[in-house]
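K.L.:
Below you'll find the structure I mean.
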Amino acid sequence: MQARTHGPSIAIDIFERGERATYSEMESKSNCYAHALRAFGVRKGDRVGVMLPNRIEFPLLWFALAKLGAVMVPLDMQYTPREIEYIIRETRAEFAVVDESAWPVFRAMDTWPQDLAKRRVILVGSPSNRTAITLHQLVKDVDDSPVHENVRPEDLLTIQYTSGTTDVPKGCMLTHDYWGVCSYEFAYLNPYERYLSWASSSYVYGPGILLMSYRRGGTVYIAQKLDSSQFIHWLNKYSIEWCAFPRLIADSVNDVPKCLKQVSQYDGWSTATIRRFREQFGVGAYYPWGMTETGSGTQMLPDLEEMNDAGSLGIRSPFRELRLVNDDGSPTPVGGVGELWVKGRAIVKGYWNKPDANTKYFEGEWFKTGDLLRRNELGFYWFAGRKKDIIRRFSENIAACEVEAIIRELPEIADVAAVPVSDKKWSEEVKIYVELKEGFTSADLPVERILEHARARLAVFKVPRYIAFTPALPRTVASKKVLKRELMAISDPLCDTYDGVEKRWR
C-alpha cells in the first residue's frame, strides 16, 4: 500500500553504507527476493537464519520472507559459533543467509546442524568461499511481479531470541499481527517523517522503528551502530524528528537540533533530564514499558507530560490488558508492588520448542513478565524492579544462568554467580563471583583464562567485566540456592574485584 501511495519517497537510507531505497524499490526488490528464495526452495513455515549487519539486504529479506509466509530467525552479528549452533539447531532452520564478514564465525560451529545443508547457505557480499551461492547470484534476472501466498495474521513472521526472562535464550514466536499491532501503536504516538535508528536489525527495536516509519510514510535513517561522537551530527545532518536517545548522551548534551521533536528515552533517564529536554530544548521525552514478548505495554500520551516528571511509565497501551499480581497469585492492591502480567491481541504466541517455559510463564492468556511494577488509582504505572534473574547491559538482556553455565565449564570452578553492577555508561555490567573447588586457589586460575574462555563462547556483551573470588557463595539453608541479593547488597561491589576492561584489580 505504501509503495502505491509513497512510491518515489525514500523509505530507508543506510547512510554510512550509501544504501537507500524508495518505497517502490522496496516493493519490487522484495518481490524479486521472494521469487528467488521460492525458487531456491524456501516455503511457507520454513525457518531461515539471517546473520546480517544493518545493510539494505536485511529489510528486503524480511519483507520477502513475510510475503512467502516463511519465518526469519535473526542472528546477532556478535554471536559465537556456540550461540549460532544452538539457535540454528533448536529452530531446525533449513536455510541461512550470512554476511561475508560473519561467515568465518558461522562456519566455525563445532557440529554443523543436521537440518541445515551447507548448499542452503546464501552468502551476502563477496566472500572468499567461491563455491557458495551469493544473494546477488540468486536474485539476478528474477522478475518483480507480485508474490501470491496465503499468509494470515496469525502466521509466524519471526522467531526472536531473547534472554528477557530467566534461563537460557528462548525463541519468541512473533506473528505478522504482532508486528502490525506494534507498528500501529508506535506510529500513533510518533507522527513524524524522519526517524533515526541505530539499533541492530537482529533485535526487535530496529525492525520496530522501520515499521513505525513505514506506517507514517516517512524515512528511517539507519546507522551501523550507536556512535556517541556522531549522534548529534546525525540528528542535524538528516533533520531527524524522532529517535531513541541514550541516557549517556542525553546527560552530556548542551543543545539539540531544532528539528528534533520527540525522543524515546533509552536506558533510564532521570526525571531531571526529561524536564530539561522539555523546558530547555522543547523536546518531549517518554519512557514506555515494553518487552519482546509483548511489544508495547504502557504508553505516555503527549498531553500528560507532567507524569514523565513523576517517573511514570504511563498508562496501558491499546490492545493490552495489564494486571499486577502478588507472589501468592492474588491481585496487588493499588499502590502496592506486584509482578506485571500482560494479555491482549498479538502478544507472543509462546516460546519455540519450550513447553516447560510456556507452562511457567503463561497463565491462560496472561503472560508473566517477571517485572515488578506499581499502579496508582488513575491507572499510571511505575517500574519497581525485576523478579527475573537478568542483567540489563544497555540494549541487551543477559541471562545470568547462561553466563554462569559457560564459566562453570572451567574444571577449577565449583560454582559461580553472575550479578549486575551499576554502570554510568552501560546501565549495568556483568560481575561474576567465583567459588573454586577444594584444593584450588586464585593463583591456579588466572582471571585472563576465565575471560578468554568466556570470549570464545559468549557474545562480547555477555562477557563478564568484573571477577571476584569468594571462599563460598552465600546460600539458603534448605535448598542451597545462591543468595544473590546478599552479593548485590554489599556497599562497594568493586572492592577486591578484577576489572577486565581496565585490566587491574580494584
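Chain lettering (A, B, ...) mirrors the order of the C-alpha cells, residue numbering begins at 1 for each chain separately, and ligand numbering begins at 1 in order of display.
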Write out as a list in words each polymer residue whose atoms come within 8 Å of Trp62 of chain A, counting only C-alpha atoms; drop sequence neighbours fewer than 4 positions from it.
P.N.:
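Near neighbours after the sequence-gap exclusion: Phe58, Ala66 and Met72 of chain A.
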K.L.:
How about saving the chosen residues, N, CA and C atoms kept, as a PDB file, in the first residue's frame?
P.N.:
ATOM      1  N   PHE A  58      18.887  -6.675   4.650  1.00  0.00           N
ATOM      2  CA  PHE A  58      18.110  -7.199   5.783  1.00  0.00           C
ATOM      3  C   PHE A  58      16.619  -6.895   5.641  1.00  0.00           C
ATOM      4  N   ALA A  66       8.365 -12.511   4.595  1.00  0.00           N
ATOM      5  CA  ALA A  66       6.990 -12.244   5.020  1.00  0.00           C
ATOM      6  C   ALA A  66       6.009 -12.567   3.891  1.00  0.00           C
ATOM      7  N   MET A  72      11.679 -15.668   9.678  1.00  0.00           N
ATOM      8  CA  MET A  72      13.054 -15.215   9.882  1.00  0.00           C
ATOM      9  C   MET A  72      13.504 -15.533  11.305  1.00  0.00           C
TER      10      MET A  72
END
K.L.:
So that I can see what lies close to Asp492 of chain A, please list as a VMD selection string the residues with an atom at most 12 Å from it, counting only C-alpha atoms and leaving out residues fewer than 6 positions away in the same chain.
P.N.:
chain A and resid 421 to 422 506
K.L.:
Would you save the residues of that selection, restricted to C-alpha atoms, as a PDB file, in the first residue's frame?
P.N.:
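The result, written out as result.pdb:
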ATOM      1  CA  VAL A 421      26.787  -3.937  38.780  1.00  0.00           C
ATOM      2  CA  SER A 422      25.558  -0.402  38.165  1.00  0.00           C
ATOM      3  CA  ARG A 506      40.377  -2.680  42.297  1.00  0.00           C
TER       4      ARG A 506
END
K.L.:
Please provide the set of residues having any atom within 9 Å of Glu85 of chain A, restricted to only C-alpha atoms, with same-chain residues fewer than 6 positions apart removed, written as an NGL selection string.
P.N.:
:A and (106 or 109-113)
K.L.:
Compare A:Glu19, A:Asp144, A:Glu57, A:Glu100 by their minimum atom-to-atom distance to Gly125 of chain A, counting only C-alpha atoms, and give me the closest one.
P.N.:
A:Glu100
K.L.:
So which residues touch Leu37 of chain A within 9 Å, counting only C-alpha atoms, skipping near sequence neighbours fewer than 3 positions away, as a CSV table (one decimal) with N, CA and C atoms, in the first residue's frame?
P.N.:
chain,number,residue,atom,x,y,z
A,32,CYS,N,11.4,-9.6,-5.9
A,32,CYS,CA,12.5,-10.3,-6.6
A,32,CYS,C,13.1,-11.3,-5.6
A,33,TYR,N,13.4,-10.8,-4.4
A,33,TYR,CA,14.0,-11.7,-3.3
A,33,TYR,C,13.0,-12.9,-3.0
A,34,ALA,N,11.7,-12.6,-2.9
A,34,ALA,CA,10.8,-13.7,-2.6
A,34,ALA,C,10.7,-14.7,-3.7
A,40,PHE,N,14.7,-21.2,-4.8
A,40,PHE,CA,15.8,-21.8,-4.0
A,40,PHE,C,15.3,-22.9,-3.1
A,41,GLY,N,13.9,-22.9,-2.9
A,41,GLY,CA,13.3,-24.0,-2.1
A,41,GLY,C,12.6,-23.5,-0.8
A,42,VAL,N,12.7,-22.3,-0.5
A,42,VAL,CA,12.0,-21.7,0.7
A,42,VAL,C,10.5,-21.8,0.6
A,43,ARG,N,9.8,-22.4,1.6
A,43,ARG,CA,8.4,-22.5,1.5
A,43,ARG,C,7.8,-21.9,2.8
A,64,ALA,N,10.6,-10.1,2.0
A,64,ALA,CA,10.5,-11.2,1.1
A,64,ALA,C,10.0,-12.5,1.8
A,65,LEU,N,10.6,-12.8,3.0
A,65,LEU,CA,10.2,-13.9,3.8
A,65,LEU,C,8.7,-13.7,4.3
A,68,LEU,N,6.4,-14.7,1.6
A,68,LEU,CA,6.3,-16.2,1.4
A,68,LEU,C,5.7,-16.9,2.5
A,138,LEU,N,21.6,-15.2,-6.7
A,138,LEU,CA,20.3,-15.8,-6.5
A,138,LEU,C,19.2,-14.9,-7.2
A,139,VAL,N,19.3,-13.5,-7.0
A,139,VAL,CA,18.3,-12.6,-7.4
A,139,VAL,C,18.5,-12.1,-8.8
K.L.:
With distances taken over only C-alpha atoms, which residue among A:Met291, A:Leu372, A:Ala108, A:Val71 lies nearest Thr91 of chain A?
P.N.:
A:Val71
K.L.:
Write out as an MDAnalysis selection string each polymer residue whose atoms come within 9 Å of Pro474 of chain A, counting only C-alpha atoms; drop sequence neighbours fewer than 2 positions from it.
P.N.:
chainID A and resid 472 476 480:484 486:487
K.L.:
Export, as a compact mmCIF listing (two decimals), in the first residue's frame, the selected residues with N, CA and C atoms.
P.N.:
# COMPACT_ATOMS: atom_id res chain seq x y z
N ALA A 472 33.19 -19.06 49.56
CA ALA A 472 31.93 -19.79 49.43
C ALA A 472 30.82 -18.81 49.10
N THR A 476 20.93 -20.47 50.66
CA THR A 476 19.83 -20.74 51.59
C THR A 476 20.11 -22.04 52.34
N LYS A 480 19.79 -24.68 49.34
CA LYS A 480 21.18 -24.40 48.97
C LYS A 480 21.30 -23.52 47.73
N LYS A 481 20.23 -22.76 47.41
CA LYS A 481 20.30 -21.84 46.29
C LYS A 481 21.14 -20.63 46.66
N VAL A 482 21.85 -20.10 45.68
CA VAL A 482 22.71 -18.94 45.93
C VAL A 482 21.86 -17.72 46.24
N LEU A 483 22.24 -17.01 47.28
CA LEU A 483 21.53 -15.80 47.69
C LEU A 483 22.16 -14.60 46.98
N LYS A 484 21.69 -14.33 45.78
CA LYS A 484 22.28 -13.23 45.01
C LYS A 484 22.00 -11.88 45.64
N GLU A 486 22.33 -11.05 48.60
CA GLU A 486 23.44 -10.74 49.51
C GLU A 486 24.66 -10.28 48.72
N LEU A 487 24.90 -10.90 47.58
CA LEU A 487 26.03 -10.49 46.74
C LEU A 487 25.83 -9.09 46.19
K.L.:
Could you list, as an NGL selection string, every residue within 10 Å of Val105 of chain A, counting only C-alpha atoms and ignoring same-chain residues fewer than 6 positions away?
P.N.:
:A and (77-82 or 84)
K.L.:
Could you please take those selected residues and save N, CA and C atoms as a short mmCIF file (atom, residue, chain, number, x, y, z; two decimals), in the first residue's frame?
P.N.:
data_model
loop_
_atom_site.label_atom_id
_atom_site.label_comp_id
_atom_site.auth_asym_id
_atom_site.auth_seq_id
_atom_site.Cartn_x
_atom_site.Cartn_y
_atom_site.Cartn_z
N MET A 77 25.16 -10.36 15.07
CA MET A 77 26.49 -10.39 14.48
C MET A 77 27.58 -10.65 15.51
N GLN A 78 27.26 -10.49 16.79
CA GLN A 78 28.25 -10.72 17.84
C GLN A 78 28.22 -12.15 18.39
N TYR A 79 27.30 -12.97 17.90
CA TYR A 79 27.21 -14.33 18.41
C TYR A 79 28.47 -15.13 18.11
N THR A 80 28.76 -16.06 19.02
CA THR A 80 29.86 -17.00 18.83
C THR A 80 29.33 -18.23 18.11
N PRO A 81 30.23 -19.10 17.60
CA PRO A 81 29.76 -20.34 16.95
C PRO A 81 28.84 -21.17 17.84
N ARG A 82 29.10 -21.21 19.14
CA ARG A 82 28.25 -21.98 20.05
C ARG A 82 26.83 -21.43 20.06
N ILE A 84 25.34 -19.54 17.74
CA ILE A 84 24.73 -19.74 16.43
C ILE A 84 24.21 -21.16 16.29
#
K.L.:
Can you pull out the residues contacting Ala96 of chain A? Cut-off 6 Å, using only C-alpha atoms, and skip same-chain residues under 6 positions away; I want them as a list in words.
P.N.:
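Counting only C-alpha atoms, the residues come to Val48, Gly49, Val50 and Val121 of chain A.
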K.L.:
Please write the residues from the selection above to a file, keeping N, CA and C atoms, as a PDB file, in the first residue's frame.
P.N.:
ATOM      1  N   VAL A  48      14.399 -19.540   8.491  1.00  0.00           N
ATOM      2  CA  VAL A  48      15.586 -19.082   7.768  1.00  0.00           C
ATOM      3  C   VAL A  48      16.435 -18.239   8.721  1.00  0.00           C
ATOM      4  N   GLY A  49      17.620 -18.737   9.065  1.00  0.00           N
ATOM      5  CA  GLY A  49      18.541 -17.963   9.890  1.00  0.00           C
ATOM      6  C   GLY A  49      19.134 -16.821   9.083  1.00  0.00           C
ATOM      7  N   VAL A  50      19.152 -15.626   9.662  1.00  0.00           N
ATOM      8  CA  VAL A  50      19.677 -14.455   8.950  1.00  0.00           C
ATOM      9  C   VAL A  50      20.689 -13.750   9.856  1.00  0.00           C
ATOM     10  N   VAL A 121      23.044 -22.430   2.384  1.00  0.00           N
ATOM     11  CA  VAL A 121      23.529 -21.186   2.987  1.00  0.00           C
ATOM     12  C   VAL A 121      23.807 -20.185   1.876  1.00  0.00           C
TER      13      VAL A 121
END
K.L.:
Measuring atom to atom with only C-alpha atoms, identify which of A:Ile398, A:Ile315, A:Leu60, A:Cys259 is nearest to Ser28 of chain A.
P.N.:
A:Leu60
K.L.:
Could you tell me, as a ChimeraX atom specification, which residues of segment 398-503 of chain A DSSP assigns to helix (DSSP H, G or I) when given the backbone?
P.N.:
/A:400-407,442-444,447-457,460-462,484-488
K.L.:
Let me see the file: selected residues, N, CA and C atoms, as a short mmCIF file (atom, residue, chain, number, x, y, z; two decimals), in the first residue's frame.
P.N.:
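Saved to again-v2.cif:
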data_model
loop_
_atom_site.label_atom_id
_atom_site.label_comp_id
_atom_site.auth_asym_id
_atom_site.auth_seq_id
_atom_site.Cartn_x
_atom_site.Cartn_y
_atom_site.Cartn_z
N ALA A 400 21.63 -14.43 33.40
CA ALA A 400 22.73 -14.74 34.31
C ALA A 400 23.10 -16.21 34.23
N CYS A 401 22.08 -17.08 34.08
CA CYS A 401 22.36 -18.51 34.09
C CYS A 401 23.17 -18.95 32.87
N GLU A 402 23.03 -18.24 31.74
CA GLU A 402 23.83 -18.60 30.57
C GLU A 402 25.30 -18.28 30.81
N VAL A 403 25.57 -17.09 31.38
CA VAL A 403 26.95 -16.73 31.71
C VAL A 403 27.53 -17.72 32.71
N GLU A 404 26.74 -18.05 33.73
CA GLU A 404 27.20 -18.97 34.77
C GLU A 404 27.52 -20.36 34.20
N ALA A 405 26.68 -20.85 33.29
CA ALA A 405 26.90 -22.18 32.70
C ALA A 405 28.21 -22.24 31.94
N ILE A 406 28.55 -21.16 31.24
CA ILE A 406 29.80 -21.13 30.48
C ILE A 406 31.01 -21.08 31.42
N ILE A 407 30.97 -20.21 32.42
CA ILE A 407 32.10 -20.08 33.34
C ILE A 407 32.28 -21.36 34.15
N SER A 442 43.11 -18.86 43.77
CA SER A 442 43.00 -17.95 42.63
C SER A 442 44.27 -17.96 41.78
N ALA A 443 45.40 -18.35 42.37
CA ALA A 443 46.64 -18.43 41.60
C ALA A 443 46.58 -19.56 40.57
N ASP A 444 45.73 -20.55 40.82
CA ASP A 444 45.60 -21.68 39.89
C ASP A 444 44.72 -21.35 38.70
N VAL A 447 42.68 -14.73 36.05
CA VAL A 447 41.45 -14.11 35.55
C VAL A 447 41.43 -14.04 34.03
N GLU A 448 42.60 -13.89 33.41
CA GLU A 448 42.62 -13.82 31.95
C GLU A 448 42.18 -15.12 31.31
N ARG A 449 42.44 -16.22 32.00
CA ARG A 449 41.98 -17.51 31.47
C ARG A 449 40.45 -17.60 31.52
N ILE A 450 39.88 -17.07 32.60
CA ILE A 450 38.41 -17.02 32.70
C ILE A 450 37.84 -16.18 31.56
N LEU A 451 38.45 -15.02 31.33
CA LEU A 451 37.95 -14.12 30.29
C LEU A 451 38.13 -14.70 28.90
N GLU A 452 39.25 -15.35 28.65
CA GLU A 452 39.46 -15.98 27.34
C GLU A 452 38.42 -17.06 27.09
N HIS A 453 38.13 -17.83 28.12
CA HIS A 453 37.12 -18.88 28.00
C HIS A 453 35.75 -18.27 27.67
N ALA A 454 35.42 -17.17 28.34
CA ALA A 454 34.13 -16.51 28.11
C ALA A 454 34.06 -15.90 26.73
N ARG A 455 35.12 -15.23 26.30
CA ARG A 455 35.13 -14.57 25.00
C ARG A 455 34.96 -15.55 23.84
N ALA A 456 35.44 -16.77 24.02
CA ALA A 456 35.34 -17.77 22.96
C ALA A 456 33.95 -18.37 22.85
N ARG A 457 33.11 -18.17 23.88
CA ARG A 457 31.83 -18.86 23.93
C ARG A 457 30.63 -17.95 24.09
N VAL A 460 30.22 -10.70 22.88
CA VAL A 460 31.08 -9.78 23.64
C VAL A 460 30.33 -9.05 24.75
N PHE A 461 29.03 -8.74 24.53
CA PHE A 461 28.30 -8.01 25.56
C PHE A 461 27.95 -8.87 26.76
N LYS A 462 28.07 -10.20 26.63
CA LYS A 462 27.78 -11.10 27.74
C LYS A 462 29.01 -11.42 28.59
N LYS A 484 21.69 -14.33 45.78
CA LYS A 484 22.28 -13.23 45.01
C LYS A 484 22.00 -11.88 45.64
N ARG A 485 20.90 -11.78 46.36
CA ARG A 485 20.59 -10.49 46.97
C ARG A 485 21.69 -10.09 47.96
N GLU A 486 22.33 -11.05 48.60
CA GLU A 486 23.44 -10.74 49.51
C GLU A 486 24.66 -10.28 48.72
N LEU A 487 24.90 -10.90 47.58
CA LEU A 487 26.03 -10.49 46.74
C LEU A 487 25.83 -9.09 46.19
N MET A 488 24.57 -8.72 45.95
CA MET A 488 24.27 -7.42 45.37
C MET A 488 24.10 -6.33 46.42
#
K.L.:
Out of A:Lys44, A:Lys388, A:Arg465, A:His136, which residue has the shortest atom-to-atom distance to Arg152 of chain A when counting only C-alpha atoms?
P.N.:
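Closest to Arg152 of chain A of all the choices is A:Lys44.
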